[in-house]
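Enquirer: This is the structure I have questions about; it appears just below.
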Amino acid sequence: MILCITHSNDFYNIDIFFDYLSSKNISCFRLNSDRMNHLQKISVNEDSFELTDESGNTIHSKDIKAVWHRKAWGISVPEELDEDYKKIFLSAYANLRYNLITVLEDIPWINPYENERKIDGNKMLQLKIAKNNNLTIPETIFSNDEHQITAFFHEFCNGKAVAKLHSLTAKSMNGENFISTMIIEEDTLEHIADIAYCPMIFQPYIDKEYELRIVYIAGEFFTGKINNSENVDWRLAQENYAWSAYELPENVKTGLASMMEEMGLYIGAIDMIRGKDGAYYFLEVNPQGEWGMLQKDLGFPIAERIADNLINRIDTTHE
């Protein structure tokens with residue numbers, strides 16, 4: 001059995017994954033991360049667990065042979081709970097969820113949980129590893145210091161920068177993070193003192209030809225191109241941009257593959273831009289990033305490749 005950790009509003013991608021497993025006569029169990037609360041019955045021992053979901057389906061850890069960590073959402077809090085008790089509720093269930101997850105750490109995962117947690121939580125480490133693997137990155141500072149940010153702006157940004165949060169505070173219905181990216185210009189710096197209340201990442205604005213969403217799966221690349229040269233991020237734009245398939249240069253593939261291997265990730269949604277200067281700039285990798293639009297619009301077999309990777313590693317584990 002393959003366990004899929006996702007959330008209650010996840011559809012399409014996960015349906016393709018389950019249908020593919022069914023065609024291979026492989027059983028699966030859907031575990032909604034946001035519902036791992038009072039709606040489920042969970043018991044964890046030192047080396048095993050048993051869980052019964054809100055529909056009455058029961059799973060034992062001994063039956064799970066691999067895990068796809070598709071999406072992790074915050075745990076839902078019951079409306080009737082007193083406000084003073086909500087923090088205790090969330091802390092207790094977060095600890096229970098983490099203890100459950102670590103029971104399974106010795107079987108194949110996409111992605112290994114601790115690797116993903118480290119990389120997803122450290123954008124500056126991502127940039128460091130990308131640079132070490134011969135990828136081009138923008139000059140970057142993550143700061144709450146108005147003087148350092150102002151100096152960075154004048155040294156590197158040529159009058160225009162972008163600022164973004166390190167970790168996003170909201171998600172769309174399909175689990176994708178909403179983007180909070182803004183343009184910074186000289187007059188914006190007049191109000192930069194407020195940064196003390198919310199540290200942000202700052203980079204020079206790069207004039208771009210187009211944006212790329214690259215899905216990497218264990219050495220394979222599925223790349224979509226979107227002709228968004230005007231807006232700071234295609235996810236913020238109101239225009240209906242169309243995806244087209246794109247072939248990355250071999251040197252970029254080599255750098256990304258070695259980067260992902262160093263990060264210990266089997267899969268990731270990588271954002272890059274092609275600058276008007278001809279360079280490919282690495283921006284970030286989201287281990288749980290969205291790719292359904294690439295499968296739907298371009299016919300990329302991403303869900304199937306994820307399943308194949310887990311199936312093959314189960315077989316290898318049991319040889």
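If you're wondering about the labels, chains in the structure tokens are A, B, ... by order shown, residues count from 1 in each chain, ligands from 1 in order shown.
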Residues of stretch 13-55 of chain A that approach stretch 301-314 of chain A to 10 Å or less, counting only C-alpha atoms: could you list each one with the shortest pair of atoms and its distance in Å to one decimal, rows by chain and increasing residue number, as a Markdown table?

Expert:
```
| residue | atom | partner | partner_atom | distance |
| --- | --- | --- | --- | --- |
| A:Asn13 | CA | A:Ala303 | CA | 6.5 |
| A:Ile14 | CA | A:Ala303 | CA | 7.5 |
| A:Asp15 | CA | A:Ala303 | CA | 9.0 |
| A:Ile16 | CA | A:Ala303 | CA | 6.3 |
| A:Phe17 | CA | A:Ala303 | CA | 5.1 |
| A:Phe18 | CA | A:Ala307 | CA | 8.8 |
| A:Asp19 | CA | A:Glu304 | CA | 9.3 |
| A:Tyr20 | CA | A:Glu304 | CA | 6.4 |
| A:Leu21 | CA | A:Ala307 | CA | 7.0 |
| A:Lys24 | CA | A:Ile311 | CA | 9.7 |
| A:Ile26 | CA | A:Ile311 | CA | 8.9 |
```

Enquirer: Please give the complete set of residues from stretch 106-199 of chain A that DSSP, run on the backbone, assigns to strand (DSSP E), formatted as a PDB file with all heavy atoms, in the first residue's frame.

Expert:
```pdb
ATOM      1  N   TRP A 109      10.045   7.499   0.435  1.00  0.00           N
ATOM      2  CA  TRP A 109       9.211   8.703   0.457  1.00  0.00           C
ATOM      3  C   TRP A 109       9.505   9.553  -0.772  1.00  0.00           C
ATOM      4  O   TRP A 109      10.621   9.576  -1.280  1.00  0.00           O
ATOM      5  CB  TRP A 109       9.545   9.581   1.677  1.00  0.00           C
ATOM      6  CG  TRP A 109       8.898   9.210   2.963  1.00  0.00           C
ATOM      7  CD1 TRP A 109       9.104   8.083   3.684  1.00  0.00           C
ATOM      8  CD2 TRP A 109       7.977  10.004   3.715  1.00  0.00           C
ATOM      9  NE1 TRP A 109       8.366   8.113   4.841  1.00  0.00           N
ATOM     10  CE2 TRP A 109       7.664   9.280   4.878  1.00  0.00           C
ATOM     11  CE3 TRP A 109       7.388  11.246   3.515  1.00  0.00           C
ATOM     12  CZ2 TRP A 109       6.776   9.766   5.850  1.00  0.00           C
ATOM     13  CZ3 TRP A 109       6.510  11.740   4.477  1.00  0.00           C
ATOM     14  CH2 TRP A 109       6.210  11.002   5.628  1.00  0.00           C
ATOM     15  N   ILE A 110       8.513  10.272  -1.219  1.00  0.00           N
ATOM     16  CA  ILE A 110       8.681  11.426  -2.107  1.00  0.00           C
ATOM     17  C   ILE A 110       7.934  12.587  -1.448  1.00  0.00           C
ATOM     18  O   ILE A 110       6.712  12.588  -1.399  1.00  0.00           O
ATOM     19  CB  ILE A 110       8.099  11.177  -3.522  1.00  0.00           C
ATOM     20  CG1 ILE A 110       8.972  10.199  -4.299  1.00  0.00           C
ATOM     21  CG2 ILE A 110       7.973  12.497  -4.277  1.00  0.00           C
ATOM     22  CD1 ILE A 110       8.504   9.983  -5.732  1.00  0.00           C
ATOM     23  N   ILE A 141      19.231  39.443  -0.373  1.00  0.00           N
ATOM     24  CA  ILE A 141      19.374  39.697   1.058  1.00  0.00           C
ATOM     25  C   ILE A 141      18.033  39.405   1.725  1.00  0.00           C
ATOM     26  O   ILE A 141      16.965  39.739   1.194  1.00  0.00           O
ATOM     27  CB  ILE A 141      19.840  41.140   1.340  1.00  0.00           C
ATOM     28  CG1 ILE A 141      20.151  41.320   2.828  1.00  0.00           C
ATOM     29  CG2 ILE A 141      18.816  42.156   0.869  1.00  0.00           C
ATOM     30  CD1 ILE A 141      20.813  42.654   3.161  1.00  0.00           C
ATOM     31  N   PHE A 142      18.075  38.761   2.886  1.00  0.00           N
ATOM     32  CA  PHE A 142      16.895  38.474   3.702  1.00  0.00           C
ATOM     33  C   PHE A 142      17.100  39.245   4.996  1.00  0.00           C
ATOM     34  O   PHE A 142      17.991  38.925   5.786  1.00  0.00           O
ATOM     35  CB  PHE A 142      16.796  36.969   3.944  1.00  0.00           C
ATOM     36  CG  PHE A 142      15.590  36.516   4.724  1.00  0.00           C
ATOM     37  CD1 PHE A 142      14.441  37.284   4.823  1.00  0.00           C
ATOM     38  CD2 PHE A 142      15.600  35.277   5.370  1.00  0.00           C
ATOM     39  CE1 PHE A 142      13.337  36.858   5.531  1.00  0.00           C
ATOM     40  CE2 PHE A 142      14.501  34.830   6.079  1.00  0.00           C
ATOM     41  CZ  PHE A 142      13.373  35.621   6.169  1.00  0.00           C
ATOM     42  N   SER A 143      16.304  40.278   5.230  1.00  0.00           N
ATOM     43  CA  SER A 143      16.660  41.210   6.294  1.00  0.00           C
ATOM     44  C   SER A 143      15.456  41.944   6.871  1.00  0.00           C
ATOM     45  O   SER A 143      14.408  42.050   6.236  1.00  0.00           O
ATOM     46  CB  SER A 143      17.654  42.234   5.731  1.00  0.00           C
ATOM     47  OG  SER A 143      18.033  43.181   6.712  1.00  0.00           O
ATOM     48  N   LYS A 160      15.463  49.383  -9.133  1.00  0.00           N
ATOM     49  CA  LYS A 160      14.250  48.560  -9.087  1.00  0.00           C
ATOM     50  C   LYS A 160      14.560  47.200  -8.477  1.00  0.00           C
ATOM     51  O   LYS A 160      15.502  46.523  -8.891  1.00  0.00           O
ATOM     52  CB  LYS A 160      13.674  48.393 -10.494  1.00  0.00           C
ATOM     53  CG  LYS A 160      12.262  47.855 -10.546  1.00  0.00           C
ATOM     54  CD  LYS A 160      11.744  47.883 -11.986  1.00  0.00           C
ATOM     55  CE  LYS A 160      10.299  47.450 -12.099  1.00  0.00           C
ATOM     56  NZ  LYS A 160       9.798  47.487 -13.498  1.00  0.00           N
ATOM     57  N   ALA A 161      13.753  46.788  -7.490  1.00  0.00           N
ATOM     58  CA  ALA A 161      13.962  45.509  -6.809  1.00  0.00           C
ATOM     59  C   ALA A 161      12.626  44.803  -6.630  1.00  0.00           C
ATOM     60  O   ALA A 161      11.558  45.385  -6.851  1.00  0.00           O
ATOM     61  CB  ALA A 161      14.624  45.737  -5.447  1.00  0.00           C
ATOM     62  N   VAL A 162      12.695  43.550  -6.219  1.00  0.00           N
ATOM     63  CA  VAL A 162      11.494  42.827  -5.797  1.00  0.00           C
ATOM     64  C   VAL A 162      11.665  42.443  -4.336  1.00  0.00           C
ATOM     65  O   VAL A 162      12.782  42.182  -3.871  1.00  0.00           O
ATOM     66  CB  VAL A 162      11.230  41.564  -6.650  1.00  0.00           C
ATOM     67  CG1 VAL A 162      10.907  41.947  -8.075  1.00  0.00           C
ATOM     68  CG2 VAL A 162      12.387  40.585  -6.600  1.00  0.00           C
ATOM     69  N   ALA A 163      10.565  42.417  -3.616  1.00  0.00           N
ATOM     70  CA  ALA A 163      10.552  41.992  -2.221  1.00  0.00           C
ATOM     71  C   ALA A 163       9.479  40.932  -2.058  1.00  0.00           C
ATOM     72  O   ALA A 163       8.389  41.045  -2.625  1.00  0.00           O
ATOM     73  CB  ALA A 163      10.283  43.168  -1.297  1.00  0.00           C
ATOM     74  N   LYS A 164       9.798  39.892  -1.294  1.00  0.00           N
ATOM     75  CA  LYS A 164       8.820  38.819  -1.083  1.00  0.00           C
ATOM     76  C   LYS A 164       9.007  38.202   0.295  1.00  0.00           C
ATOM     77  O   LYS A 164      10.093  38.243   0.880  1.00  0.00           O
ATOM     78  CB  LYS A 164       8.943  37.755  -2.173  1.00  0.00           C
ATOM     79  CG  LYS A 164      10.348  37.187  -2.358  1.00  0.00           C
ATOM     80  CD  LYS A 164      10.422  36.324  -3.610  1.00  0.00           C
ATOM     81  CE  LYS A 164      11.844  35.846  -3.873  1.00  0.00           C
ATOM     82  NZ  LYS A 164      11.957  35.059  -5.119  1.00  0.00           N
ATOM     83  N   THR A 181       4.569  39.163  -3.669  1.00  0.00           N
ATOM     84  CA  THR A 181       5.765  39.757  -4.265  1.00  0.00           C
ATOM     85  C   THR A 181       5.438  41.183  -4.683  1.00  0.00           C
ATOM     86  O   THR A 181       4.387  41.432  -5.267  1.00  0.00           O
ATOM     87  CB  THR A 181       6.214  38.948  -5.498  1.00  0.00           C
ATOM     88  OG1 THR A 181       6.460  37.598  -5.106  1.00  0.00           O
ATOM     89  CG2 THR A 181       7.492  39.523  -6.085  1.00  0.00           C
ATOM     90  N   MET A 182       6.327  42.098  -4.380  1.00  0.00           N
ATOM     91  CA  MET A 182       6.064  43.496  -4.707  1.00  0.00           C
ATOM     92  C   MET A 182       7.299  44.140  -5.329  1.00  0.00           C
ATOM     93  O   MET A 182       8.431  43.704  -5.102  1.00  0.00           O
ATOM     94  CB  MET A 182       5.646  44.267  -3.458  1.00  0.00           C
ATOM     95  CG  MET A 182       6.689  44.314  -2.362  1.00  0.00           C
ATOM     96  SD  MET A 182       6.061  45.040  -0.827  1.00  0.00           S
ATOM     97  CE  MET A 182       5.024  43.700  -0.245  1.00  0.00           C
ATOM     98  N   ILE A 183       7.059  45.166  -6.102  1.00  0.00           N
ATOM     99  CA  ILE A 183       8.121  45.942  -6.710  1.00  0.00           C
ATOM    100  C   ILE A 183       8.578  47.027  -5.734  1.00  0.00           C
ATOM    101  O   ILE A 183       7.754  47.698  -5.102  1.00  0.00           O
ATOM    102  CB  ILE A 183       7.645  46.600  -8.018  1.00  0.00           C
ATOM    103  CG1 ILE A 183       7.267  45.522  -9.046  1.00  0.00           C
ATOM    104  CG2 ILE A 183       8.713  47.535  -8.580  1.00  0.00           C
ATOM    105  CD1 ILE A 183       8.430  44.731  -9.571  1.00  0.00           C
ATOM    106  N   ILE A 184       9.892  47.178  -5.601  1.00  0.00           N
ATOM    107  CA  ILE A 184      10.472  48.215  -4.760  1.00  0.00           C
ATOM    108  C   ILE A 184      11.229  49.193  -5.667  1.00  0.00           C
ATOM    109  O   ILE A 184      12.100  48.785  -6.445  1.00  0.00           O
ATOM    110  CB  ILE A 184      11.443  47.619  -3.717  1.00  0.00           C
ATOM    111  CG1 ILE A 184      10.727  46.589  -2.833  1.00  0.00           C
ATOM    112  CG2 ILE A 184      12.071  48.726  -2.876  1.00  0.00           C
ATOM    113  CD1 ILE A 184       9.658  47.159  -1.952  1.00  0.00           C
ATOM    114  N   GLU A 185      10.888  50.477  -5.542  1.00  0.00           N
ATOM    115  CA  GLU A 185      11.605  51.519  -6.263  1.00  0.00           C
ATOM    116  C   GLU A 185      12.078  52.572  -5.264  1.00  0.00           C
ATOM    117  O   GLU A 185      11.822  52.445  -4.059  1.00  0.00           O
ATOM    118  CB  GLU A 185      10.709  52.110  -7.355  1.00  0.00           C
ATOM    119  CG  GLU A 185      10.348  51.075  -8.416  1.00  0.00           C
ATOM    120  CD  GLU A 185       9.474  51.622  -9.529  1.00  0.00           C
ATOM    121  OE1 GLU A 185       8.331  52.033  -9.214  1.00  0.00           O
ATOM    122  OE2 GLU A 185       9.922  51.631 -10.681  1.00  0.00           O
TER     123      GLU A 185
END
```

Enquirer: With only C-alpha atoms as the counted atoms, please give the residues lying no more than 10 Å from A:Ile107, apart from itself and same-chain residues fewer than 4 positions off, as a PyMOL selection string.

Expert: chain A and resi 64-67+103+112+310+313-314+317

Enquirer: Just give me the gap between atom CA of A:Leu165 and atom CA of A:Lys71 in Å, one decimal is fine.

Expert: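 These two atoms are separated by 19.9 Å.
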
Enquirer: Output as a PyMOL selection string all residues of stretch 93-172 of chain A that backbone DSSP marks as alpha helix (DSSP H).

Expert: chain A and resi 93-103+113-120+123-132+146-156

Enquirer: Keeping only N, CA and C atoms, take the residues you just selected and write them out as a tab-separated table (two decimals), in the first residue's frame.

Expert:
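Output below, filename result_16.tsv:
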```tsv
chain	number	residue	atom	x	y	z
A	93	TYR	N	-1.90	18.22	18.33
A	93	TYR	CA	-2.10	17.47	17.09
A	93	TYR	C	-0.90	17.56	16.15
A	94	ALA	N	-0.19	18.69	16.17
A	94	ALA	CA	1.03	18.78	15.36
A	94	ALA	C	2.07	17.79	15.85
A	95	ASN	N	2.19	17.64	17.16
A	95	ASN	CA	3.13	16.66	17.72
A	95	ASN	C	2.71	15.24	17.40
A	96	LEU	N	1.40	14.97	17.47
A	96	LEU	CA	0.90	13.64	17.15
A	96	LEU	C	1.18	13.32	15.68
A	97	ARG	N	0.95	14.30	14.79
A	97	ARG	CA	1.19	14.09	13.36
A	97	ARG	C	2.66	13.82	13.10
A	98	TYR	N	3.54	14.58	13.73
A	98	TYR	CA	4.98	14.39	13.51
A	98	TYR	C	5.43	13.03	14.03
A	99	ASN	N	4.93	12.62	15.19
A	99	ASN	CA	5.29	11.29	15.72
A	99	ASN	C	4.81	10.19	14.79
A	100	LEU	N	3.64	10.35	14.20
A	100	LEU	CA	3.12	9.37	13.25
A	100	LEU	C	4.03	9.29	12.02
A	101	ILE	N	4.42	10.45	11.50
A	101	ILE	CA	5.25	10.49	10.30
A	101	ILE	C	6.59	9.80	10.51
A	102	THR	N	7.21	10.01	11.66
A	102	THR	CA	8.54	9.45	11.88
A	102	THR	C	8.52	7.92	12.00
A	103	VAL	N	7.38	7.34	12.29
A	103	VAL	CA	7.27	5.88	12.29
A	103	VAL	C	7.61	5.31	10.91
A	113	TYR	N	10.91	13.25	4.39
A	113	TYR	CA	10.26	14.31	5.15
A	113	TYR	C	11.23	15.34	5.70
A	114	GLU	N	12.29	14.90	6.35
A	114	GLU	CA	13.22	15.84	6.97
A	114	GLU	C	13.98	16.64	5.92
A	115	ASN	N	14.34	16.03	4.80
A	115	ASN	CA	15.00	16.77	3.72
A	115	ASN	C	14.10	17.87	3.20
A	116	GLU	N	12.85	17.52	2.97
A	116	GLU	CA	11.89	18.49	2.45
A	116	GLU	C	11.67	19.63	3.43
A	117	ARG	N	11.54	19.29	4.68
A	117	ARG	CA	11.31	20.28	5.73
A	117	ARG	C	12.47	21.29	5.78
A	118	LYS	N	13.68	20.79	5.67
A	118	LYS	CA	14.87	21.66	5.74
A	118	LYS	C	14.93	22.60	4.53
A	119	ILE	N	14.73	22.04	3.33
A	119	ILE	CA	14.87	22.83	2.11
A	119	ILE	C	13.72	23.82	1.96
A	120	ASP	N	12.50	23.38	2.24
A	120	ASP	CA	11.35	24.25	2.10
A	120	ASP	C	11.40	25.41	3.08
A	123	LYS	N	15.08	29.35	2.23
A	123	LYS	CA	15.28	29.83	0.86
A	123	LYS	C	16.73	30.26	0.62
A	124	MET	N	17.41	30.76	1.65
A	124	MET	CA	18.80	31.16	1.47
A	124	MET	C	19.69	29.94	1.26
A	125	LEU	N	19.40	28.85	1.93
A	125	LEU	CA	20.14	27.61	1.69
A	125	LEU	C	19.90	27.12	0.27
A	126	GLN	N	18.66	27.23	-0.22
A	126	GLN	CA	18.38	26.87	-1.61
A	126	GLN	C	19.30	27.62	-2.58
A	127	LEU	N	19.41	28.93	-2.38
A	127	LEU	CA	20.23	29.74	-3.26
A	127	LEU	C	21.70	29.34	-3.16
A	128	LYS	N	22.16	29.06	-1.96
A	128	LYS	CA	23.55	28.64	-1.77
A	128	LYS	C	23.85	27.35	-2.52
A	129	ILE	N	22.95	26.37	-2.39
A	129	ILE	CA	23.17	25.08	-3.05
A	129	ILE	C	23.08	25.26	-4.57
A	130	ALA	N	22.13	26.08	-5.03
A	130	ALA	CA	22.02	26.33	-6.47
A	130	ALA	C	23.30	26.94	-7.02
A	131	LYS	N	23.82	27.93	-6.32
A	131	LYS	CA	25.06	28.58	-6.76
A	131	LYS	C	26.22	27.60	-6.77
A	132	ASN	N	26.30	26.74	-5.75
A	132	ASN	CA	27.37	25.75	-5.67
A	132	ASN	C	27.30	24.74	-6.81
A	146	GLU	N	16.61	48.22	7.81
A	146	GLU	CA	16.34	49.19	6.75
A	146	GLU	C	17.62	49.75	6.12
A	147	HIS	N	18.68	49.89	6.92
A	147	HIS	CA	19.92	50.46	6.41
A	147	HIS	C	20.63	49.46	5.48
A	148	GLN	N	20.64	48.19	5.87
A	148	GLN	CA	21.25	47.16	5.02
A	148	GLN	C	20.46	47.00	3.72
A	149	ILE	N	19.16	47.05	3.82
A	149	ILE	CA	18.32	46.90	2.63
A	149	ILE	C	18.52	48.09	1.68
A	150	THR	N	18.57	49.29	2.24
A	150	THR	CA	18.78	50.48	1.41
A	150	THR	C	20.14	50.42	0.71
A	151	ALA	N	21.16	49.99	1.45
A	151	ALA	CA	22.49	49.87	0.85
A	151	ALA	C	22.49	48.81	-0.25
A	152	PHE	N	21.81	47.70	-0.01
A	152	PHE	CA	21.69	46.64	-1.02
A	152	PHE	C	20.99	47.16	-2.26
A	153	PHE	N	19.93	47.91	-2.07
A	153	PHE	CA	19.16	48.46	-3.18
A	153	PHE	C	20.04	49.36	-4.06
A	154	HIS	N	20.82	50.22	-3.44
A	154	HIS	CA	21.64	51.16	-4.21
A	154	HIS	C	22.84	50.48	-4.86
A	155	GLU	N	23.32	49.39	-4.26
A	155	GLU	CA	24.49	48.71	-4.83
A	155	GLU	C	24.12	47.76	-5.96
A	156	PHE	N	23.00	47.04	-5.84
A	156	PHE	CA	22.73	45.94	-6.75
A	156	PHE	C	21.49	46.11	-7.64
```

Enquirer: So, counting only C-alpha atoms, which residue among A:Thr316, A:Ser244, A:Asn158, A:Ser33 is closest to A:Thr6?

Expert: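 Going through A:Thr316, A:Ser244, A:Asn158, A:Ser33 one by one, the smallest distance to A:Thr6 is for A:Ser33.
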